[in-house]
Amino acid sequence: MLYLKDIKKTFVQPDGSPLPVLDVPEFRVAAGEQIGMVGRSGCGKTTLLHVIAGISRPDSGKVRIDDWDITLMPEAERDRFRAERIGYVFQTFNLLAAFTALENVLLSMRFARGRPDKNRARHLLNRVGLSHRMTHRPEQLSVGEQQRVAVARALANKPQLLLADEPTANVDAGHQQQILDLIRDTCHEENVALIIVTHSNEVASQFARVDRLEEINLVTPGVIAPAEDAKG
Amino acid sequence: MSLWKVAWRSIRQRSLVSTLTVLSMALGVALVVGVLVVYGVVYQSFHRGGEGYDLIIGAKGGREQLVLNTVFYLSQPIGNIPYSFYEELTEGKYAADVETAVPVCMGHTYSGFRVIGTVPEMFSELKYRGDRSYEFTAGRNFKADQPFEAVVGATAAARASLKIGDTFQAVHGGSEGGQVHKETFTVVGVLAPTSTPVDRALFVNMQGFYDIHAAEDESTEPEKAEKGHEKHQEHAHHDHDRDKQITAVLVCVRENPPGRADVVAKRINDGRVAQAVVPARVIADLFEGVVGKLQWILLGMAVLTVVEAGIGIMVSIYNSMSDRRHEIAIMRALGASRWTVMVIILMESILLSLLGGALGLLVGHGVTWLCSPKIAEWTGVVVGLLQFQWIELVLVPGLVVLASAVGFLPAMSAYRTDVAKSLITTP
């Protein structure tokens with residue numbers, strides 16, 4: 001379902017010197033497969049997810065999702081493709097503060113298809129246990145609730161692939177497993193392929209397939225720019 | 001969920017800044033409305049006065065002064081013309097062309113309002129504001145055979161507290177310090193408001209006007225001989241019947257053939273006794289020459305205020321962009337295209353402008369409506385709450401164009417947002 005070939009990505013540092021971040025010769029994910037991806041801070045995890053999602057364009061290489069190579073798509077088409085086929089759960093949830101939980105889910109549908117499906121949005125929020133919090137804005141929700149809204153939003157457009165970037169990192173220990181189970185179970189129900197990036201071996205150990213980024217990415221870890229380092 | 005709703009939520013998210021921005025725009029638009037309303041009031045005040053007759057005939061001199069004095073009761077009369085000229089209009093060589101001729105004599109005041117000597121046909125034959133007939137809220141028109149009867153304009157009656165049966169004594173000249181004539185006029189009619197200068201004047205039988213001067217002349221003959229004749233040039237008077245004079249004549253010419261007024265005016269102007277002017281033309285020239293230019297200057301300043309408010313919107317949205325890059329990056333990551341986020345920002349700008357515009361229209365018309373009693377009192381023009389000028393229709397598309405222009409810079413900033421970089425930045 002997902003196939004990466006010879007992906008290379010280099011940033012330019014403030015002094016103008018190049019900073020290689022990714023060099024991934026090959027990476028595959030099957031449809032509905034769930035992968036735990038572990039790696040040290042600064043090894044390029046977030047950048048890899050951005051490249052897979054089409055948020056960043058690699059300097060070279062192919063990112064194929066089914067029959068489409070998103071590296072060949074113009075930006076507008078890539079945006080549309082991402083909205084329709086890829087879900088993204090951010091470490092910091094990234095809910096839109098001006099909108100309610102329900103609206104955050106609906107907005108994702110609006111950007112993908114132009115016509116939101118309220119029934120599905122409500123169904124997803126029910127599924128993540130937020131039927132009583134649909135009209136609450138992010139600031140009125142607990143951290144765990146915010147992350148659950150983020151999961152519902154990521155699944156809103158029935159994606160083929162869900163990318164989750166440290167989804168439990170900002171959630172208290174009591175809710176970490178709950179969130180993880182929620183993501184995995186929902187993806188399983190909807191037959192969505194899942195890549196969860198984590199630095200936690202405890203989280204990764206729950207997956208049948210665990211990939212270490214250091215083994216996929218040939219770039220020496222720990223030399224990525226501070227902003228990347230903080231996240232990736 | 002529409003993009004308009006997304007834009008609206010973003011505006012509400014920054015409620016304080018948005019409110020101040022809207023108020024700033026509202027102030028600018030209210031100023032534009034104010035200028036337009038004032039212009040409309042002045043325009044109507046100017047043009048209504050000269051409607052109802054085709055020509056004004058008076059002493060030779062400045063045509064503007066003749067119109068200002070005869071129509072608006074401003075300035076001083078140029079001089080007088082012989083009563084016999086009026087007779088030429090009604091019975092003499094111009095009679096075939098003239099349908100109605102109404103003489104007016106000036107030179108007296110009461111409580112600051114002009115006292116005009118005229119004939120009953122002033123209100124029975126002449127029309128105002130097109131084809132409206134004069135009406136009386138109380139009493140009746142004065143009678144030709146009752147020399148000391150008077151009719152009072154609506155504003156003058158209210159301000160000078162004159163009602164039917166009240167009497168007043170005309171004051172010689174245009175100021176309060178002038179000589180008070182001992183003859184008294186009795187109010188027999190109060191005119192309904194006309195929204196013309198007639199509202200602010202008192203009208204007496206012209207015969208009474210002559211009579212008070214006859215009495216004055218007899219009592220002050222030696223003094224007059226000393227001071228000379230020039231003091232009396234500013235008002236109508238008569239020495240003896242053969243010396244009867246009038247200040248001006250308001251003339252309606254017969255309808256056919258078309259252009260008859262110009263022909264009559266030319267014949268009179270070619271003579272040596274009087275001049276004839278078409279009041280509508282002189283008023284239009286006066287208006288364009290003085291008020292018209294001023295209106296454009298005021299309107300220009302008000303539009304600059306709106307543009308300044310528009311720049312305020314740009315600054316407001318542009319300043320918020322640094323805080324909103326993360327939010328925009330999230331939208332982009334969710335699949336919103338660059339164009340979509342650009343359109344959302346433009347919509348914000350348009351919404352702020354339209355809100356400010358709507359509030360400005362409301363405030364502008366509301367304030368002028370609240371002031372309408374005073375405006376009506378001063379000018380005779382009634383300003384309604386929903387009395388819009390056609391040019392205000394340009395305001396709405398104008399504001400949308402302005403908003404799109406000022407929103408373009410922040411919209412481009414949103415368009416260029418680096419998603420990957422902005423997603424990493426902590427909000």
# chains A, B, ... in the order shown; residues from 1 in each chain; ligands from 1
call {"tool": "select_by_dssp", "arguments": {"residues": "region 55-90 of chain A", "states": "helix (DSSP H, G or I)", "output": "ChimeraX atom specification"}}
result
/A:70-72,75-85
call {"tool": "write_last_selection", "arguments": {"atoms": "N, CA and C atoms", "output": "short mmCIF file (atom, residue, chain, number, x, y, z; two decimals), in the first residue's frame"}}
result
data_model
loop_
_atom_site.label_atom_id
_atom_site.label_comp_id
_atom_site.auth_asym_id
_atom_site.auth_seq_id
_atom_site.Cartn_x
_atom_site.Cartn_y
_atom_site.Cartn_z
N ILE A 70 3.08 10.31 -4.93
CA ILE A 70 2.70 11.68 -4.53
C ILE A 70 3.83 12.68 -4.79
N THR A 71 5.06 12.18 -5.00
CA THR A 71 6.15 13.13 -5.28
C THR A 71 5.99 13.75 -6.67
N LEU A 72 5.20 13.11 -7.52
CA LEU A 72 5.00 13.64 -8.87
C LEU A 72 3.79 14.57 -8.96
N GLU A 75 1.30 20.48 -6.04
CA GLU A 75 1.00 20.68 -4.62
C GLU A 75 -0.50 20.60 -4.31
N ALA A 76 -1.33 21.23 -5.14
CA ALA A 76 -2.77 21.25 -4.87
C ALA A 76 -3.34 19.84 -4.90
N GLU A 77 -2.85 19.04 -5.84
CA GLU A 77 -3.33 17.65 -5.94
C GLU A 77 -2.87 16.84 -4.73
N ARG A 78 -1.64 17.13 -4.30
CA ARG A 78 -1.09 16.43 -3.14
C ARG A 78 -1.91 16.77 -1.89
N ASP A 79 -2.29 18.05 -1.78
CA ASP A 79 -3.11 18.47 -0.63
C ASP A 79 -4.42 17.68 -0.61
N ARG A 80 -5.02 17.59 -1.80
CA ARG A 80 -6.31 16.89 -1.89
C ARG A 80 -6.13 15.40 -1.58
N PHE A 81 -5.04 14.83 -2.11
CA PHE A 81 -4.75 13.41 -1.89
C PHE A 81 -4.56 13.14 -0.39
N ARG A 82 -3.81 14.02 0.24
CA ARG A 82 -3.56 13.86 1.69
C ARG A 82 -4.88 13.92 2.46
N ALA A 83 -5.72 14.91 2.09
CA ALA A 83 -6.98 15.07 2.81
C ALA A 83 -7.86 13.83 2.68
N GLU A 84 -7.83 13.21 1.51
CA GLU A 84 -8.75 12.10 1.25
C GLU A 84 -8.20 10.76 1.73
N ARG A 85 -6.88 10.58 1.73
CA ARG A 85 -6.34 9.23 1.92
C ARG A 85 -5.40 9.06 3.10
#
call {"tool": "residues_around", "arguments": {"residues": "Tyr134 (chain B)", "least_positions_apart": "4", "cutoff": "12 Å", "atoms": "only C-alpha atoms", "output": "PyMOL selection string"}}
result
chain B and resi 52+120-130+140-141+151-154+189-196+198-199
call {"tool": "closest_atom_pairs", "arguments": {"of": "chain A", "to": "chain B", "cutoff": "9 Å", "atoms": "only C-alpha atoms", "output": "Markdown table"}}
result
| residue | atom | partner | partner_atom | distance |
| --- | --- | --- | --- | --- |
| A:Thr46 | CA | B:Ile424 | CA | 8.9 |
| A:Thr47 | CA | B:Ala420 | CA | 8.2 |
| A:His50 | CA | B:Ala420 | CA | 7.0 |
| A:Ala53 | CA | B:Ala333 | CA | 8.4 |
| A:Gly54 | CA | B:Ala333 | CA | 8.9 |
| A:Ile55 | CA | B:Ala420 | CA | 6.1 |
| A:Ser56 | CA | B:Ala420 | CA | 6.3 |
| A:Glu75 | CA | B:Ser337 | CA | 8.1 |
| A:Ala76 | CA | B:Ser337 | CA | 5.8 |
| A:Glu77 | CA | B:Ser337 | CA | 8.7 |
| A:Arg78 | CA | B:Gly335 | CA | 8.4 |
| A:Asp79 | CA | B:Gly335 | CA | 4.8 |
| A:Arg80 | CA | B:Gly335 | CA | 5.6 |
| A:Phe81 | CA | B:Gly335 | CA | 7.7 |
| A:Arg82 | CA | B:Gly335 | CA | 5.9 |
| A:Ala83 | CA | B:Gly335 | CA | 4.2 |
| A:Glu84 | CA | B:Gly335 | CA | 7.8 |
| A:Ile86 | CA | B:Leu334 | CA | 9.0 |
| A:Gly87 | CA | B:Leu334 | CA | 8.0 |
| A:Tyr88 | CA | B:Leu334 | CA | 7.8 |
| A:Thr92 | CA | B:Thr426 | CA | 8.5 |
| A:Asn94 | CA | B:Ile330 | CA | 6.6 |
| A:Leu95 | CA | B:Ile330 | CA | 7.9 |
| A:Leu96 | CA | B:Glu327 | CA | 6.5 |
| A:Ala97 | CA | B:Gln13 | CA | 8.2 |
| A:Ala98 | CA | B:Gln13 | CA | 5.9 |
| A:Phe99 | CA | B:Arg9 | CA | 7.3 |
| A:Glu103 | CA | B:Met1 | CA | 7.8 |
| A:Leu106 | CA | B:Met1 | CA | 7.0 |
| A:Leu107 | CA | B:Met1 | CA | 6.7 |
| A:Ser108 | CA | B:Leu334 | CA | 5.7 |
| A:Met109 | CA | B:Leu334 | CA | 8.7 |
| A:Arg110 | CA | B:Met1 | CA | 6.6 |
| A:Phe111 | CA | B:Ala336 | CA | 5.0 |
| A:Ala112 | CA | B:Gly335 | CA | 6.0 |
| A:Gly114 | CA | B:Met1 | CA | 8.4 |
| A:Arg115 | CA | B:Met1 | CA | 7.7 |
| A:Pro116 | CA | B:Met1 | CA | 6.9 |
| A:Arg153 | CA | B:Leu334 | CA | 9.0 |
| A:Ala154 | CA | B:Leu334 | CA | 8.3 |
| A:Ala227 | CA | B:Ile424 | CA | 6.9 |
| A:Glu228 | CA | B:Ile424 | CA | 7.3 |
| A:Ala230 | CA | B:Ile424 | CA | 8.5 |
| A:Lys231 | CA | B:Ile424 | CA | 7.1 |
call {"tool": "residues_around", "arguments": {"residues": "region 319-323 of chain B", "least_positions_apart": "3", "cutoff": "10 Å", "atoms": "only C-alpha atoms", "output": "list of chain:residue names"}}
result
B:Arg14, B:Val17, B:Ile313, B:Met314, B:Val315, B:Ser316, B:His326, B:Glu327, B:Ile328, B:Ile345, B:Pro410, B:Ala411, B:Ser413, B:Ala414, B:Thr417, B:Ser422, B:Pro427
call {"tool": "residues_around", "arguments": {"residues": "Ala274 (chain B)", "least_positions_apart": "4", "cutoff": "12 Å", "atoms": "only C-alpha atoms", "output": "JSON list (two decimals) with C-alpha atoms, in the first residue's frame"}}
result
[["chain", "number", "residue", "atom", "x", "y", "z"],
["B", 56, "ILE", "CA", -37.03, 86.25, -11.33],
["B", 57, "ILE", "CA", -37.06, 89.82, -12.53],
["B", 58, "GLY", "CA", -35.24, 92.43, -10.51],
["B", 59, "ALA", "CA", -32.88, 95.37, -10.69],
["B", 60, "LYS", "CA", -29.85, 95.07, -12.90],
["B", 61, "GLY", "CA", -26.76, 93.81, -11.11],
["B", 62, "GLY", "CA", -25.41, 90.48, -9.94],
["B", 63, "ARG", "CA", -27.75, 87.66, -10.90],
["B", 66, "LEU", "CA", -30.85, 88.63, -7.05],
["B", 78, "ILE", "CA", -29.58, 94.93, -5.47],
["B", 79, "GLY", "CA", -32.13, 97.71, -5.74],
["B", 80, "ASN", "CA", -35.69, 98.14, -6.86],
["B", 81, "ILE", "CA", -37.53, 98.26, -10.13],
["B", 82, "PRO", "CA", -40.52, 100.48, -10.89],
["B", 83, "TYR", "CA", -43.95, 99.11, -10.12],
["B", 84, "SER", "CA", -44.81, 100.00, -13.68],
["B", 85, "PHE", "CA", -42.50, 97.23, -14.87],
["B", 86, "TYR", "CA", -44.63, 94.76, -12.96],
["B", 88, "GLU", "CA", -45.80, 95.63, -18.09],
["B", 89, "LEU", "CA", -45.67, 91.97, -17.14],
["B", 246, "ILE", "CA", -40.80, 96.63, -5.96],
["B", 247, "THR", "CA", -37.76, 94.47, -5.25],
["B", 248, "ALA", "CA", -38.48, 91.66, -7.68],
["B", 249, "VAL", "CA", -41.15, 89.81, -9.59],
["B", 264, "VAL", "CA", -38.71, 86.68, -22.32],
["B", 265, "ALA", "CA", -35.51, 86.85, -20.25],
["B", 266, "LYS", "CA", -33.50, 87.97, -23.26],
["B", 267, "ARG", "CA", -36.00, 90.71, -24.11],
["B", 268, "ILE", "CA", -35.93, 91.99, -20.54],
["B", 269, "ASN", "CA", -32.16, 91.77, -20.27],
["B", 270, "ASP", "CA", -31.77, 93.67, -23.53]]
call {"tool": "atom_distance", "arguments": {"atom1": "CA of Ala150 (chain A)", "atom2": "CA of Asn201 (chain A)"}}
result
23.0 Å
call {"tool": "closest_residue", "arguments": {"among": "A:Ala101, A:Ile35, A:Leu48, A:Leu180", "to": "Ala152 (chain A)", "atoms": "only C-alpha atoms"}}
result
A:Ala101
call {"tool": "residues_around", "arguments": {"residues": "Val38 (chain A)", "least_positions_apart": "2", "cutoff": "9 Å", "atoms": "only C-alpha atoms", "output": "list in words"}}
result
Gly36, Arg40, Lys45, Ile196, Val197, Thr198, His199, Ser200, Asn201, Ala204, Val210, Asp211, Arg212, Leu213 and Glu214 of chain A
call {"tool": "write_last_selection", "arguments": {"atoms": "N, CA and C atoms", "output": "short mmCIF file (atom, residue, chain, number, x, y, z; two decimals), in the first residue's frame"}}
result
data_model
loop_
_atom_site.label_atom_id
_atom_site.label_comp_id
_atom_site.auth_asym_id
_atom_site.auth_seq_id
_atom_site.Cartn_x
_atom_site.Cartn_y
_atom_site.Cartn_z
N GLY A 36 4.92 -0.09 14.57
CA GLY A 36 5.50 0.80 15.56
C GLY A 36 6.87 1.19 15.07
N ARG A 40 15.60 7.42 18.13
CA ARG A 40 16.02 8.45 19.08
C ARG A 40 15.54 9.82 18.62
N LYS A 45 12.23 11.31 12.47
CA LYS A 45 10.94 10.61 12.45
C LYS A 45 9.83 11.51 11.89
N ILE A 196 2.83 4.25 13.78
CA ILE A 196 2.94 5.06 14.99
C ILE A 196 4.42 5.28 15.27
N VAL A 197 4.80 6.53 15.32
CA VAL A 197 6.18 6.88 15.64
C VAL A 197 6.27 7.12 17.15
N THR A 198 7.23 6.52 17.78
CA THR A 198 7.37 6.67 19.22
C THR A 198 8.84 6.51 19.62
N HIS A 199 9.17 7.10 20.73
CA HIS A 199 10.51 6.84 21.25
C HIS A 199 10.41 5.84 22.41
N SER A 200 9.16 5.39 22.67
CA SER A 200 8.93 4.50 23.79
C SER A 200 8.95 3.04 23.34
N ASN A 201 9.89 2.27 23.89
CA ASN A 201 9.97 0.84 23.57
C ASN A 201 8.73 0.11 24.08
N ALA A 204 6.15 0.59 21.46
CA ALA A 204 6.52 -0.13 20.25
C ALA A 204 6.37 -1.65 20.42
N VAL A 210 7.88 -3.90 14.40
CA VAL A 210 8.52 -2.70 14.95
C VAL A 210 9.73 -2.38 14.07
N ASP A 211 9.76 -1.18 13.52
CA ASP A 211 10.89 -0.75 12.70
C ASP A 211 11.69 0.28 13.47
N ARG A 212 13.00 0.15 13.43
CA ARG A 212 13.87 1.16 14.04
C ARG A 212 14.32 2.10 12.93
N LEU A 213 14.07 3.39 13.12
CA LEU A 213 14.37 4.35 12.06
C LEU A 213 15.86 4.36 11.71
N GLU A 214 16.68 4.13 12.73
CA GLU A 214 18.13 4.11 12.48
C GLU A 214 18.50 3.04 11.45
#
call {"tool": "residues_around", "arguments": {"residues": "Gly312 (chain B)", "least_positions_apart": "4", "cutoff": "12 Å", "atoms": "only C-alpha atoms", "output": "NGL selection string"}}
result
:B and (17-26 or 28 or 305-308 or 316-319 or 349 or 352-353 or 356 or 402-403 or 406-407)
call {"tool": "residues_around", "arguments": {"residues": "Thr100 (chain A)", "least_positions_apart": "2", "cutoff": "8 Å", "atoms": "only C-alpha atoms", "output": "list in words"}}
result
Ala97, Ala98, Leu102, Glu103, Asn104, Met134, Thr135, His136, Arg137 and Pro138 of chain A
call {"tool": "write_last_selection", "arguments": {"atoms": "N, CA and C atoms", "output": "PDB file, in the first residue's frame"}}
result
ATOM      1  N   ALA A  97      -8.365  25.850  17.718  1.00  0.00           N
ATOM      2  CA  ALA A  97      -8.916  26.346  18.981  1.00  0.00           C
ATOM      3  C   ALA A  97     -10.285  27.011  18.844  1.00  0.00           C
ATOM      4  N   ALA A  98     -10.567  27.560  17.660  1.00  0.00           N
ATOM      5  CA  ALA A  98     -11.821  28.311  17.505  1.00  0.00           C
ATOM      6  C   ALA A  98     -13.020  27.408  17.263  1.00  0.00           C
ATOM      7  N   LEU A 102     -16.711  18.615  17.427  1.00  0.00           N
ATOM      8  CA  LEU A 102     -17.427  18.177  16.227  1.00  0.00           C
ATOM      9  C   LEU A 102     -16.962  18.960  15.001  1.00  0.00           C
ATOM     10  N   GLU A 103     -16.801  20.260  15.168  1.00  0.00           N
ATOM     11  CA  GLU A 103     -16.389  21.092  14.034  1.00  0.00           C
ATOM     12  C   GLU A 103     -14.973  20.769  13.582  1.00  0.00           C
ATOM     13  N   ASN A 104     -14.094  20.405  14.531  1.00  0.00           N
ATOM     14  CA  ASN A 104     -12.744  20.023  14.141  1.00  0.00           C
ATOM     15  C   ASN A 104     -12.773  18.809  13.217  1.00  0.00           C
ATOM     16  N   MET A 134     -19.101  16.887  22.295  1.00  0.00           N
ATOM     17  CA  MET A 134     -18.997  17.293  20.885  1.00  0.00           C
ATOM     18  C   MET A 134     -18.985  18.809  20.697  1.00  0.00           C
ATOM     19  N   THR A 135     -19.711  19.505  21.531  1.00  0.00           N
ATOM     20  CA  THR A 135     -19.818  20.960  21.332  1.00  0.00           C
ATOM     21  C   THR A 135     -18.821  21.734  22.196  1.00  0.00           C
ATOM     22  N   HIS A 136     -17.874  21.007  22.769  1.00  0.00           N
ATOM     23  CA  HIS A 136     -16.853  21.678  23.578  1.00  0.00           C
ATOM     24  C   HIS A 136     -15.669  22.061  22.704  1.00  0.00           C
ATOM     25  N   ARG A 137     -15.098  23.201  23.041  1.00  0.00           N
ATOM     26  CA  ARG A 137     -13.896  23.628  22.307  1.00  0.00           C
ATOM     27  C   ARG A 137     -12.663  23.012  22.966  1.00  0.00           C
ATOM     28  N   PRO A 138     -11.542  22.935  22.251  1.00  0.00           N
ATOM     29  CA  PRO A 138     -10.344  22.278  22.783  1.00  0.00           C
ATOM     30  C   PRO A 138      -9.965  22.726  24.194  1.00  0.00           C
TER      31      PRO A 138
END
call {"tool": "closest_residue", "arguments": {"among": "A:Met73, A:Leu182, A:Leu218, A:Val29", "to": "Cys43 (chain A)", "atoms": "only C-alpha atoms"}}
result
A:Leu218
call {"tool": "atom_distance", "arguments": {"atom1": "CA of Leu359 (chain B)", "atom2": "CA of Met347 (chain B)"}}
result
17.8 Å
